[in-house]
$ cat run23.pdb   # PDB, C-alpha atoms and all ligand atoms
MODEL        1
ATOM      1  CA  MET A   1       1.896  -7.127 -17.672
ATOM      2  CA  PRO A   2       5.112  -5.132 -17.230
ATOM      3  CA  GLY A   3       8.012  -7.171 -15.844
ATOM      4  CA  PHE A   4       7.470  -6.233 -12.233
ATOM      5  CA  ALA A   5       3.949  -7.685 -12.089
ATOM      6  CA  ALA A   6       3.312 -11.350 -12.746
ATOM      7  CA  GLU A   7       0.488 -13.826 -12.515
ATOM      8  CA  ALA A   8       1.193 -16.667 -10.075
ATOM      9  CA  HIS A   9      -0.171 -20.121 -10.839
ATOM     10  CA  GLY A  10      -0.184 -23.472  -9.090
ATOM     11  CA  LEU A  11      -0.859 -22.471  -5.487
ATOM     12  CA  ASP A  12      -4.115 -22.917  -3.585
ATOM     13  CA  LEU A  13      -3.930 -20.195  -0.954
ATOM     14  CA  SER A  14      -6.819 -21.664   1.025
ATOM     15  CA  GLN A  15      -4.426 -24.441   2.110
ATOM     16  CA  PRO A  16      -1.380 -24.007   4.368
ATOM     17  CA  LEU A  17       1.826 -23.496   2.365
ATOM     18  CA  ASP A  18       4.936 -25.561   3.054
ATOM     19  CA  ALA A  19       8.397 -24.024   3.492
ATOM     20  CA  ALA A  20       9.366 -24.549  -0.156
ATOM     21  CA  GLN A  21       6.200 -22.853  -1.374
ATOM     22  CA  ILE A  22       6.741 -19.888   0.951
ATOM     23  CA  GLN A  23      10.289 -19.581  -0.300
ATOM     24  CA  ALA A  24       9.101 -19.697  -3.904
ATOM     25  CA  VAL A  25       6.647 -16.859  -3.260
ATOM     26  CA  ASP A  26       9.370 -14.813  -1.528
ATOM     27  CA  ALA A  27      11.730 -15.378  -4.467
ATOM     28  CA  ALA A  28       9.033 -14.391  -6.971
ATOM     29  CA  MET A  29       8.296 -11.254  -4.932
ATOM     30  CA  ASP A  30      11.976 -10.301  -4.970
ATOM     31  CA  ARG A  31      12.143 -10.756  -8.703
ATOM     32  CA  HIS A  32       8.827  -9.122  -9.576
ATOM     33  CA  ALA A  33       7.209  -7.013  -6.794
ATOM     34  CA  VAL A  34       3.541  -7.618  -7.599
ATOM     35  CA  LEU A  35       2.007 -11.098  -7.808
ATOM     36  CA  VAL A  36      -1.545 -11.684  -8.978
ATOM     37  CA  PHE A  37      -3.278 -14.853  -7.756
ATOM     38  CA  ARG A  38      -6.593 -15.423  -9.585
ATOM     39  CA  SER A  39      -9.637 -17.364  -8.326
ATOM     40  CA  GLN A  40      -8.668 -17.655  -4.667
ATOM     41  CA  ALA A  41     -11.896 -17.499  -2.692
ATOM     42  CA  LEU A  42     -10.444 -17.097   0.794
ATOM     43  CA  THR A  43     -12.069 -17.081   4.208
ATOM     44  CA  PRO A  44     -10.714 -14.448   6.599
ATOM     45  CA  GLU A  45      -8.891 -17.224   8.459
ATOM     46  CA  ALA A  46      -7.226 -18.536   5.297
ATOM     47  CA  GLN A  47      -6.110 -15.061   4.246
ATOM     48  CA  LEU A  48      -4.669 -14.437   7.720
ATOM     49  CA  ARG A  49      -2.842 -17.770   7.693
ATOM     50  CA  PHE A  50      -1.390 -17.088   4.254
ATOM     51  CA  ALA A  51      -0.197 -13.648   5.392
ATOM     52  CA  ARG A  52       1.341 -14.987   8.616
ATOM     53  CA  SER A  53       3.508 -17.323   6.525
ATOM     54  CA  PHE A  54       5.524 -14.194   5.710
ATOM     55  CA  GLY A  55       5.868 -12.662   9.162
ATOM     56  CA  GLU A  56       4.168 -10.666  11.862
ATOM     57  CA  LEU A  57       1.095  -8.698  10.777
ATOM     58  CA  ASP A  58       0.633  -4.929  10.691
ATOM     59  CA  LEU A  59      -2.321  -2.884  11.928
ATOM     60  CA  GLY A  60      -1.113   0.245  10.135
ATOM     61  CA  PHE A  61      -3.352   3.247  10.242
ATOM     62  CA  LYS A  62      -5.857   1.574  12.516
ATOM     63  CA  LYS A  63      -3.994   2.804  15.586
ATOM     64  CA  ALA A  64      -5.105   6.363  14.810
ATOM     65  CA  SER A  65      -8.305   5.661  12.930
ATOM     66  CA  LYS A  66     -11.683   6.816  14.084
ATOM     67  CA  SER A  67     -13.899   4.154  12.607
ATOM     68  CA  SER A  68     -14.708   0.911  14.322
ATOM     69  CA  ASN A  69     -13.630  -2.365  12.784
ATOM     70  CA  ARG A  70     -16.373  -4.057  10.801
ATOM     71  CA  LEU A  71     -14.466  -7.317  10.480
ATOM     72  CA  ALA A  72     -13.965  -9.717  13.362
ATOM     73  CA  HIS A  73     -10.175  -9.953  13.049
ATOM     74  CA  GLU A  74      -8.109  -6.918  13.974
ATOM     75  CA  GLU A  75      -5.398  -7.793  11.476
ATOM     76  CA  LEU A  76      -7.803  -8.082   8.563
ATOM     77  CA  LEU A  77      -8.116  -4.553   7.206
ATOM     78  CA  ASP A  78     -11.467  -3.566   5.781
ATOM     79  CA  ILE A  79     -10.741  -1.852   2.461
ATOM     80  CA  SER A  80     -14.343  -1.073   1.624
ATOM     81  CA  ASN A  81     -16.980   1.615   1.449
ATOM     82  CA  VAL A  82     -19.270  -0.423   3.701
ATOM     83  CA  ASP A  83     -20.438   1.006   7.036
ATOM     84  CA  GLU A  84     -20.775  -0.685  10.444
ATOM     85  CA  HIS A  85     -24.311  -1.821   9.510
ATOM     86  CA  GLY A  86     -23.108  -3.579   6.373
ATOM     87  CA  ARG A  87     -24.544  -0.950   4.029
ATOM     88  CA  VAL A  88     -22.712   1.165   1.482
ATOM     89  CA  ALA A  89     -21.476   4.078   3.563
ATOM     90  CA  ASP A  90     -22.720   7.601   2.986
ATOM     91  CA  ARG A  91     -20.069   9.568   1.063
ATOM     92  CA  ASN A  92     -19.663  11.814   4.120
ATOM     93  CA  HIS A  93     -19.056   8.851   6.442
ATOM     94  CA  ARG A  94     -15.770   8.979   8.371
ATOM     95  CA  LYS A  95     -14.263   5.949   6.717
ATOM     96  CA  ILE A  96     -14.704   7.277   3.179
ATOM     97  CA  VAL A  97     -11.874   9.764   3.588
ATOM     98  CA  GLY A  98      -9.536   6.857   4.427
ATOM     99  CA  ASN A  99     -10.776   5.091   1.336
ATOM    100  CA  LEU A 100     -10.085   8.184  -0.731
ATOM    101  CA  ALA A 101      -6.615   8.580   0.793
ATOM    102  CA  ASN A 102      -5.823   5.156  -0.714
ATOM    103  CA  GLN A 103      -6.191   6.869  -4.086
ATOM    104  CA  LEU A 104      -2.966   8.818  -3.435
ATOM    105  CA  TRP A 105       0.247   7.015  -4.442
ATOM    106  CA  HIS A 106       1.689   5.466  -1.279
ATOM    107  CA  SER A 107       3.592   2.641   0.349
ATOM    108  CA  ASP A 108       1.558   1.023   3.141
ATOM    109  CA  SER A 109       2.602   2.058   6.656
ATOM    110  CA  SER A 110       5.726   3.912   5.477
ATOM    111  CA  PHE A 111       4.897   6.262   8.376
ATOM    112  CA  GLN A 112       5.931   3.777  11.038
ATOM    113  CA  ASP A 113       8.912   1.740  12.126
ATOM    114  CA  PRO A 114       8.818  -1.055  11.163
ATOM    115  CA  PRO A 115       6.909  -0.197   7.985
ATOM    116  CA  ALA A 116       5.027  -2.717   5.863
ATOM    117  CA  ARG A 117       6.719  -5.371   3.774
ATOM    118  CA  TYR A 118       4.044  -7.315   1.885
ATOM    119  CA  SER A 119       0.422  -6.332   1.451
ATOM    120  CA  MET A 120      -2.149  -8.843   0.255
ATOM    121  CA  LEU A 121      -5.427  -7.455  -1.009
ATOM    122  CA  HIS A 122      -8.324  -9.820  -1.662
ATOM    123  CA  ALA A 123     -11.338  -8.798  -3.746
ATOM    124  CA  VAL A 124     -14.760  -9.729  -2.386
ATOM    125  CA  VAL A 125     -17.281  -7.348  -4.013
ATOM    126  CA  LEU A 126     -16.407  -5.045  -6.921
ATOM    127  CA  PRO A 127     -18.101  -2.138  -8.630
ATOM    128  CA  GLU A 128     -18.938  -2.566 -12.311
ATOM    129  CA  GLU A 129     -16.646   0.252 -13.304
ATOM    130  CA  GLY A 130     -13.498   1.864 -11.911
ATOM    131  CA  GLY A 131     -11.854   0.917  -8.639
ATOM    132  CA  GLU A 132      -8.745  -0.528 -10.287
ATOM    133  CA  THR A 133      -5.474  -0.518  -8.319
ATOM    134  CA  GLU A 134      -2.256   0.783  -9.865
ATOM    135  CA  PHE A 135       1.305  -0.123  -8.929
ATOM    136  CA  ALA A 136       4.506   1.765  -9.769
ATOM    137  CA  ASP A 137       7.933   0.131  -9.806
ATOM    138  CA  VAL A 138      10.225   2.371  -7.720
ATOM    139  CA  ARG A 139      13.309   0.248  -8.479
ATOM    140  CA  ALA A 140      12.977   0.861 -12.237
ATOM    141  CA  ALA A 141      12.111   4.499 -11.484
ATOM    142  CA  TYR A 142      15.327   4.896  -9.503
ATOM    143  CA  ASP A 143      17.401   3.248 -12.249
ATOM    144  CA  ALA A 144      15.986   5.704 -14.810
ATOM    145  CA  LEU A 145      16.997   8.848 -12.867
ATOM    146  CA  PRO A 146      19.791  10.998 -14.306
ATOM    147  CA  ASP A 147      23.111  10.544 -12.479
ATOM    148  CA  ALA A 148      23.029  14.112 -11.166
ATOM    149  CA  MET A 149      19.690  13.422  -9.467
ATOM    150  CA  LYS A 150      20.978  10.146  -8.014
ATOM    151  CA  GLN A 151      23.878  12.091  -6.511
ATOM    152  CA  ARG A 152      21.569  14.779  -5.150
ATOM    153  CA  LEU A 153      19.388  12.171  -3.430
ATOM    154  CA  ALA A 154      22.228  10.311  -1.717
ATOM    155  CA  GLY A 155      22.148  11.188   1.962
ATOM    156  CA  LEU A 156      18.641  12.732   1.940
ATOM    157  CA  THR A 157      16.007  11.545   4.400
ATOM    158  CA  ALA A 158      12.236  11.946   4.205
ATOM    159  CA  GLU A 159       9.932  12.099   7.182
ATOM    160  CA  HIS A 160       6.760  10.045   6.755
ATOM    161  CA  TYR A 161       3.727  10.901   8.847
ATOM    162  CA  ALA A 162       0.475   8.922   9.003
ATOM    163  CA  LEU A 163      -1.884  11.877   8.867
ATOM    164  CA  HIS A 164      -0.054  13.780   6.136
ATOM    165  CA  SER A 165      -2.171  12.195   3.392
ATOM    166  CA  ARG A 166      -5.355  12.960   5.358
ATOM    167  CA  PHE A 167      -4.309  16.585   5.783
ATOM    168  CA  LEU A 168      -3.698  16.739   2.029
ATOM    169  CA  LEU A 169      -7.345  15.777   1.529
ATOM    170  CA  GLY A 170      -8.580  18.420   3.966
ATOM    171  CA  ASP A 171      -9.284  15.934   6.751
ATOM    172  CA  THR A 172      -7.734  17.799   9.665
ATOM    173  CA  ASP A 173     -10.175  17.127  12.481
ATOM    174  CA  TYR A 174      -7.900  15.058  14.725
ATOM    175  CA  SER A 175      -7.227  15.510  18.461
ATOM    176  CA  GLU A 176      -3.700  15.984  19.827
ATOM    177  CA  GLU A 177      -3.897  12.418  21.079
ATOM    178  CA  GLN A 178      -4.777  11.054  17.636
ATOM    179  CA  ARG A 179      -2.054  13.172  16.034
ATOM    180  CA  LYS A 180       0.499  11.587  18.338
ATOM    181  CA  ALA A 181      -0.864   8.041  18.216
ATOM    182  CA  ILE A 182       1.459   7.176  15.324
ATOM    183  CA  PRO A 183       4.748   9.071  15.611
ATOM    184  CA  ALA A 184       6.485   9.949  12.335
ATOM    185  CA  ALA A 185       9.266   7.780  10.910
ATOM    186  CA  ALA A 186      12.259   8.900   8.853
ATOM    187  CA  TRP A 187      13.625   6.875   5.910
ATOM    188  CA  PRO A 188      16.379   7.519   3.385
ATOM    189  CA  LEU A 189      14.924   8.632   0.045
ATOM    190  CA  VAL A 190      17.022   5.956  -1.623
ATOM    191  CA  ARG A 191      17.054   2.485  -0.108
ATOM    192  CA  ARG A 192      18.358  -0.874  -1.204
ATOM    193  CA  HIS A 193      15.921  -3.753  -1.576
ATOM    194  CA  PRO A 194      17.534  -6.650   0.292
ATOM    195  CA  GLY A 195      16.034  -9.477  -1.775
ATOM    196  CA  SER A 196      17.083  -8.106  -5.162
ATOM    197  CA  GLY A 197      19.985  -5.852  -4.183
ATOM    198  CA  ARG A 198      18.393  -3.082  -6.253
ATOM    199  CA  GLU A 199      18.173   0.543  -5.209
ATOM    200  CA  LEU A 200      14.780   2.204  -5.047
ATOM    201  CA  LEU A 201      13.004   5.492  -4.395
ATOM    202  CA  PHE A 202      11.141   5.411  -1.091
ATOM    203  CA  ILE A 203       8.476   8.121  -1.438
ATOM    204  CA  GLY A 204       4.660   8.485  -1.497
ATOM    205  CA  ALA A 205       1.782  10.341   0.131
ATOM    206  CA  HIS A 206       2.985   9.778   3.695
ATOM    207  CA  ALA A 207       6.306  11.559   3.002
ATOM    208  CA  SER A 208       5.742  15.061   4.348
ATOM    209  CA  HIS A 209       9.160  16.713   4.056
ATOM    210  CA  VAL A 210      12.877  16.138   3.599
ATOM    211  CA  LEU A 211      14.858  16.588   6.798
ATOM    212  CA  GLU A 212      17.927  18.130   5.145
ATOM    213  CA  LEU A 213      15.937  20.680   3.064
ATOM    214  CA  SER A 214      13.429  23.452   3.737
ATOM    215  CA  VAL A 215       9.843  22.191   3.785
ATOM    216  CA  ALA A 216       9.104  23.927   0.478
ATOM    217  CA  GLU A 217      12.187  22.628  -1.317
ATOM    218  CA  GLY A 218      11.734  19.136   0.070
ATOM    219  CA  ARG A 219       8.073  18.963  -0.878
ATOM    220  CA  LEU A 220       8.801  20.081  -4.416
ATOM    221  CA  LEU A 221      11.506  17.437  -4.683
ATOM    222  CA  LEU A 222       9.103  14.776  -3.371
ATOM    223  CA  MET A 223       6.463  15.858  -5.901
ATOM    224  CA  ASP A 224       8.982  15.738  -8.748
ATOM    225  CA  LEU A 225      10.154  12.281  -7.758
ATOM    226  CA  LEU A 226       6.581  11.027  -7.488
ATOM    227  CA  GLU A 227       5.767  12.405 -10.924
ATOM    228  CA  HIS A 228       8.837  10.663 -12.316
ATOM    229  CA  ALA A 229       8.162   7.326 -10.606
ATOM    230  CA  THR A 230       4.532   7.096 -11.658
ATOM    231  CA  GLN A 231       4.959   7.578 -15.409
ATOM    232  CA  PRO A 232       2.991   4.993 -17.402
ATOM    233  CA  ARG A 233       6.179   3.085 -18.277
ATOM    234  CA  PHE A 234       6.649   2.191 -14.594
ATOM    235  CA  VAL A 235       2.983   1.427 -13.851
ATOM    236  CA  TYR A 236       0.879  -1.750 -13.845
ATOM    237  CA  ARG A 237      -2.874  -1.268 -13.574
ATOM    238  CA  HIS A 238      -4.718  -4.153 -11.959
ATOM    239  CA  VAL A 239      -8.286  -4.641 -13.144
ATOM    240  CA  TRP A 240      -9.920  -6.652 -10.393
ATOM    241  CA  GLN A 241     -11.896  -9.853 -10.735
ATOM    242  CA  PRO A 242     -13.782 -11.293  -7.754
ATOM    243  CA  ALA A 243     -11.569 -13.659  -5.687
ATOM    244  CA  ASP A 244      -8.318 -12.114  -6.907
ATOM    245  CA  LEU A 245      -5.569 -11.803  -4.353
ATOM    246  CA  VAL A 246      -2.863  -9.326  -5.256
ATOM    247  CA  MET A 247       0.335  -9.325  -3.230
ATOM    248  CA  TRP A 248       2.829  -6.479  -3.467
ATOM    249  CA  ASP A 249       6.113  -5.465  -1.904
ATOM    250  CA  ASN A 250       5.767  -2.040  -0.266
ATOM    251  CA  ARG A 251       9.516  -1.477  -0.529
ATOM    252  CA  SER A 252       9.796  -1.861  -4.280
ATOM    253  CA  THR A 253       6.425  -0.410  -5.321
ATOM    254  CA  LEU A 254       3.978   2.405  -4.714
ATOM    255  CA  HIS A 255       0.269   1.846  -5.242
ATOM    256  CA  ARG A 256      -2.999   3.734  -5.427
ATOM    257  CA  GLY A 257      -6.679   2.943  -5.882
ATOM    258  CA  ARG A 258      -8.544   4.520  -8.792
ATOM    259  CA  PRO A 259     -11.871   6.320  -8.460
ATOM    260  CA  PHE A 260     -15.200   4.526  -8.612
ATOM    261  CA  ASP A 261     -18.824   5.431  -7.980
ATOM    262  CA  LEU A 262     -18.958   5.705  -4.179
ATOM    263  CA  SER A 263     -22.581   4.563  -4.164
ATOM    264  CA  ALA A 264     -21.500   1.201  -5.657
ATOM    265  CA  ARG A 265     -20.268  -1.424  -3.220
ATOM    266  CA  ARG A 266     -16.522  -2.140  -3.265
ATOM    267  CA  GLU A 267     -15.240  -4.552  -0.687
ATOM    268  CA  LEU A 268     -11.699  -5.846  -0.355
ATOM    269  CA  ARG A 269      -9.756  -7.247   2.590
ATOM    270  CA  ARG A 270      -6.129  -6.568   3.232
ATOM    271  CA  THR A 271      -3.483  -8.332   5.292
ATOM    272  CA  THR A 272      -0.025  -6.797   5.637
ATOM    273  CA  THR A 273       3.247  -8.017   7.087
ATOM    274  CA  LEU A 274       5.756  -5.857   8.928
ATOM    275  CA  ASP A 275       9.198  -5.256   7.464
ATOM    276  CA  ALA A 276      10.968  -6.304  10.621
ATOM    277  CA  ALA A 277      14.406  -5.944   9.027
ATOM    278  CA  ALA A 278      13.902  -2.292   8.031
TER     279      ALA A 278
HETATM  280  C1  LIG B   1      -4.657  -0.733   0.273
HETATM  281  C2  LIG B   1      -4.900   0.246  -0.798
HETATM  282  C3  LIG B   1      -6.087   0.624  -2.861
HETATM  283  C4  LIG B   1      -7.362   0.136  -3.443
HETATM  284  O1  LIG B   1      -5.501  -1.608   0.462
HETATM  285  O2  LIG B   1      -3.592  -0.653   0.909
HETATM  286  O3  LIG B   1      -4.184   1.213  -0.889
HETATM  287  O4  LIG B   1      -7.455   0.114  -4.678
HETATM  288  N1  LIG B   1      -5.894  -0.031  -1.631
HETATM  289  O5  LIG B   1      -8.286  -0.201  -2.676
HETATM  290 MN    MN B   2      -2.433   0.978   0.545
ENDMDL
END
$ encode --input "run23.pdb" --output "structure tokens"
Amino acid sequence: MPGFAAEAHGLDLSQPLDAAQIQAVDAAMDRHAVLVFRSQALTPEAQLRFARSFGELDLGFKKASKSSNRLAHEELLDISNVDEHGRVADRNHRKIVGNLANQLWHSDSSFQDPPARYSMLHAVVLPEEGGETEFADVRAAYDALPDAMKQRLAGLTAEHYALHSRFLLGDTDYSEEQRKAIPAAAWPLVRRHPGSGRELLFIGAHASHVLELSVAEGRLLLMDLLEHATQPRFVYRHVWQPADLVMWDNRSTLHRGRPFDLSARRELRRTTTLDAAA
């Protein structure tokens, strides 16, 4: 594993964590950015309790989404291709486009204020092939930029909009009300990660344009930065095993799902905390 992803051992996430354990996870997240916990068969309640140890939970895109929630808990996000009847959804089903949008490099809920801090994704059912999740280290990516680019980026702000990634995929059938349900948020392109003090590139599929530049120039800059930040040397690819829980910091990483056969069942559950200090 590259240095920013690490396997965590010695914690049973089905049990409540004490303050020292929570602090140890926070410290490991600051140092790394992706933690892999293997063999953690978690009930929805246990996953929610674990997530709440790190702050208030996020509903993210759900505020504007069109599909009903299959899971009983609002704050448990259904990252699956399963429909409301529990069957593998037809590839033209509404929720599949959301699933596919997760295959664009992004930082969860960067389109809102507060955005997401930690996401925790738990694997329940996996396809035999494909469906890996990749993570890119945007702190290392920032460090590797030429000085002239670092200077150019200082003082630039990107607007992040929830539906931008959907529009990119040709999913444009949203009412005015849905378009306004999640107002855009603006974030500096370069931010400092409080826990590590390191600077990072805050970009991804929700970033639609750069406020200080023309749309065209800003989009090209965003594309260039994304290409830079997602080079193999900055990327960890997670190959899922059932009962894995992978926790990542949405400030210091980008992530994306990889393709899989949409007729094969893939079922994961996500909990996400808000970055209240953003
Ligand atoms: C997510 C996400 C990617 C995947 O759950 O936030 O982007 O591989 N998932 O399912
Ligand atoms: Mn995501």
$ residues_around --input "run23.pdb" --residues "stretch 266-268 of chain A" --least-positions-apart "5" --cutoff "9 Å" --atoms "all atoms listed in the file" --output "count of residues only"
16
$ residues_near_ligand --input "run23.pdb" --ligand "ligand LIG 1 (chain B)" --cutoff "6 Å" --atoms "all atoms listed in the file" --output "JSON, numbers by chain"
{"A": [79, 102, 108, 131, 132, 133, 256, 257, 270]}
$ closest_residue --input "run23.pdb" --among "A:Leu168, A:Leu226, A:Met120, A:Ala41" --to "ligand MN 2 (chain B)" --atoms "all atoms listed in the file"
A:Met120
$ atom_distance --input "run23.pdb" --atom1 "atom CA of A:Phe167" --atom2 "atom CA of A:Phe202"
20.3 Å
$ axis_aligned_box --input "run23.pdb" --around "stretch 126-129 of chain A" --padding-each-side "8 Å" --output "lines of an AutoDock Vina configuration file"
center_x = -17.7
center_y = -2.4
center_z = -10.1
size_x = 18.5
size_y = 21.3
size_z = 22.4
$ closest_residue --input "run23.pdb" --among "A:Ala19, A:Leu71, A:Leu220, A:Ala33" --to "A:Arg251" --atoms "only C-alpha atoms"
A:Ala33
$ resolve_selection --input "run23.pdb" --expression "the PyMOL selection byres (((chain A and resi 195) around 9) and not hetatm)" --output "PyMOL selection string"
chain A and resi 26-27+29-31+192-194+196-198
$ atom_distance --input "run23.pdb" --atom1 "atom CA of A:Asp171" --atom2 "atom CA of A:Leu225"
24.5 Å
$ closest_residue --input "run23.pdb" --among "A:Leu76, A:Leu42, A:Met247, A:Ala277" --to "A:Asp58" --atoms "all atoms listed in the file"
A:Leu76
$ closest_residue --input "run23.pdb" --among "A:Ala162, A:Ala51, A:Leu13, A:Ala20" --to "A:Asp113" --atoms "only C-alpha atoms"
A:Ala162
$ closest_residue --input "run23.pdb" --among "A:Leu274, A:Ala5, A:Met223, A:Ala24" --to "A:Ser208" --atoms "all atoms listed in the file"
A:Met223
$ residues_around --input "run23.pdb" --residues "A:Val138" --least-positions-apart "4" --cutoff "7 Å" --atoms "only C-alpha atoms" --output "list in words"
Tyr142, Leu200, Leu201, Ala229, Ser252, Thr253 and Leu254 of chain A
$ closest_residue --input "run23.pdb" --among "A:Leu100, A:Leu17, A:Val190, A:Ala276" --to "ligand MN 2 (chain B)" --atoms "all atoms listed in the file"
A:Leu100
$ resolve_selection --input "run23.pdb" --expression "the PyMOL selection byres (((chain A and resi 161) around 12) and not hetatm)" --output "PyMOL selection string"
chain A and resi 60-61+64+106-113+115+158-160+162-168+179-187+203-210
$ build_atoms --input "run23.pdb" --residues "stretch 182-202 of chain A" --atoms "N, CA and C atoms" --output "PDB file, keeping the file's coordinate frame"
ATOM      1  N   ILE A 182       0.444   7.807  16.176  1.00  0.00           N
ATOM      2  CA  ILE A 182       1.459   7.176  15.324  1.00  0.00           C
ATOM      3  C   ILE A 182       2.556   8.199  15.083  1.00  0.00           C
ATOM      4  N   PRO A 183       3.662   8.110  15.817  1.00  0.00           N
ATOM      5  CA  PRO A 183       4.748   9.071  15.611  1.00  0.00           C
ATOM      6  C   PRO A 183       5.334   8.919  14.209  1.00  0.00           C
ATOM      7  N   ALA A 184       5.915   9.987  13.685  1.00  0.00           N
ATOM      8  CA  ALA A 184       6.485   9.949  12.335  1.00  0.00           C
ATOM      9  C   ALA A 184       7.710   9.040  12.297  1.00  0.00           C
ATOM     10  N   ALA A 185       8.046   8.582  11.114  1.00  0.00           N
ATOM     11  CA  ALA A 185       9.266   7.780  10.910  1.00  0.00           C
ATOM     12  C   ALA A 185      10.080   8.424   9.790  1.00  0.00           C
ATOM     13  N   ALA A 186      11.393   8.297   9.876  1.00  0.00           N
ATOM     14  CA  ALA A 186      12.259   8.900   8.853  1.00  0.00           C
ATOM     15  C   ALA A 186      12.982   7.792   8.096  1.00  0.00           C
ATOM     16  N   TRP A 187      12.974   7.887   6.758  1.00  0.00           N
ATOM     17  CA  TRP A 187      13.625   6.875   5.910  1.00  0.00           C
ATOM     18  C   TRP A 187      14.455   7.564   4.841  1.00  0.00           C
ATOM     19  N   PRO A 188      15.608   6.981   4.514  1.00  0.00           N
ATOM     20  CA  PRO A 188      16.379   7.519   3.385  1.00  0.00           C
ATOM     21  C   PRO A 188      15.510   7.546   2.121  1.00  0.00           C
ATOM     22  N   LEU A 189      15.688   8.551   1.303  1.00  0.00           N
ATOM     23  CA  LEU A 189      14.924   8.632   0.045  1.00  0.00           C
ATOM     24  C   LEU A 189      15.304   7.499  -0.899  1.00  0.00           C
ATOM     25  N   VAL A 190      16.556   7.069  -0.792  1.00  0.00           N
ATOM     26  CA  VAL A 190      17.022   5.956  -1.623  1.00  0.00           C
ATOM     27  C   VAL A 190      17.375   4.803  -0.689  1.00  0.00           C
ATOM     28  N   ARG A 191      16.765   3.662  -0.924  1.00  0.00           N
ATOM     29  CA  ARG A 191      17.054   2.485  -0.108  1.00  0.00           C
ATOM     30  C   ARG A 191      17.415   1.338  -1.040  1.00  0.00           C
ATOM     31  N   ARG A 192      18.016   0.320  -0.429  1.00  0.00           N
ATOM     32  CA  ARG A 192      18.358  -0.874  -1.204  1.00  0.00           C
ATOM     33  C   ARG A 192      17.407  -1.995  -0.814  1.00  0.00           C
ATOM     34  N   HIS A 193      16.852  -2.644  -1.812  1.00  0.00           N
ATOM     35  CA  HIS A 193      15.921  -3.753  -1.576  1.00  0.00           C
ATOM     36  C   HIS A 193      16.735  -5.007  -1.289  1.00  0.00           C
ATOM     37  N   PRO A 194      16.623  -5.561  -0.080  1.00  0.00           N
ATOM     38  CA  PRO A 194      17.534  -6.650   0.292  1.00  0.00           C
ATOM     39  C   PRO A 194      17.419  -7.870  -0.615  1.00  0.00           C
ATOM     40  N   GLY A 195      16.217  -8.242  -1.012  1.00  0.00           N
ATOM     41  CA  GLY A 195      16.034  -9.477  -1.775  1.00  0.00           C
ATOM     42  C   GLY A 195      16.570  -9.412  -3.201  1.00  0.00           C
ATOM     43  N   SER A 196      16.616  -8.236  -3.772  1.00  0.00           N
ATOM     44  CA  SER A 196      17.083  -8.106  -5.162  1.00  0.00           C
ATOM     45  C   SER A 196      18.376  -7.327  -5.259  1.00  0.00           C
ATOM     46  N   GLY A 197      18.779  -6.668  -4.162  1.00  0.00           N
ATOM     47  CA  GLY A 197      19.985  -5.852  -4.183  1.00  0.00           C
ATOM     48  C   GLY A 197      19.811  -4.547  -4.954  1.00  0.00           C
ATOM     49  N   ARG A 198      18.597  -4.277  -5.423  1.00  0.00           N
ATOM     50  CA  ARG A 198      18.393  -3.082  -6.253  1.00  0.00           C
ATOM     51  C   ARG A 198      18.068  -1.865  -5.405  1.00  0.00           C
ATOM     52  N   GLU A 199      18.503  -0.708  -5.894  1.00  0.00           N
ATOM     53  CA  GLU A 199      18.173   0.543  -5.209  1.00  0.00           C
ATOM     54  C   GLU A 199      16.792   1.010  -5.647  1.00  0.00           C
ATOM     55  N   LEU A 200      16.158   1.787  -4.776  1.00  0.00           N
ATOM     56  CA  LEU A 200      14.780   2.204  -5.047  1.00  0.00           C
ATOM     57  C   LEU A 200      14.509   3.569  -4.426  1.00  0.00           C
ATOM     58  N   LEU A 201      13.461   4.208  -4.930  1.00  0.00           N
ATOM     59  CA  LEU A 201      13.004   5.492  -4.395  1.00  0.00           C
ATOM     60  C   LEU A 201      11.926   5.222  -3.359  1.00  0.00           C
ATOM     61  N   PHE A 202      12.149   5.658  -2.124  1.00  0.00           N
ATOM     62  CA  PHE A 202      11.141   5.411  -1.091  1.00  0.00           C
ATOM     63  C   PHE A 202      10.394   6.721  -0.821  1.00  0.00           C
TER      64      PHE A 202
END
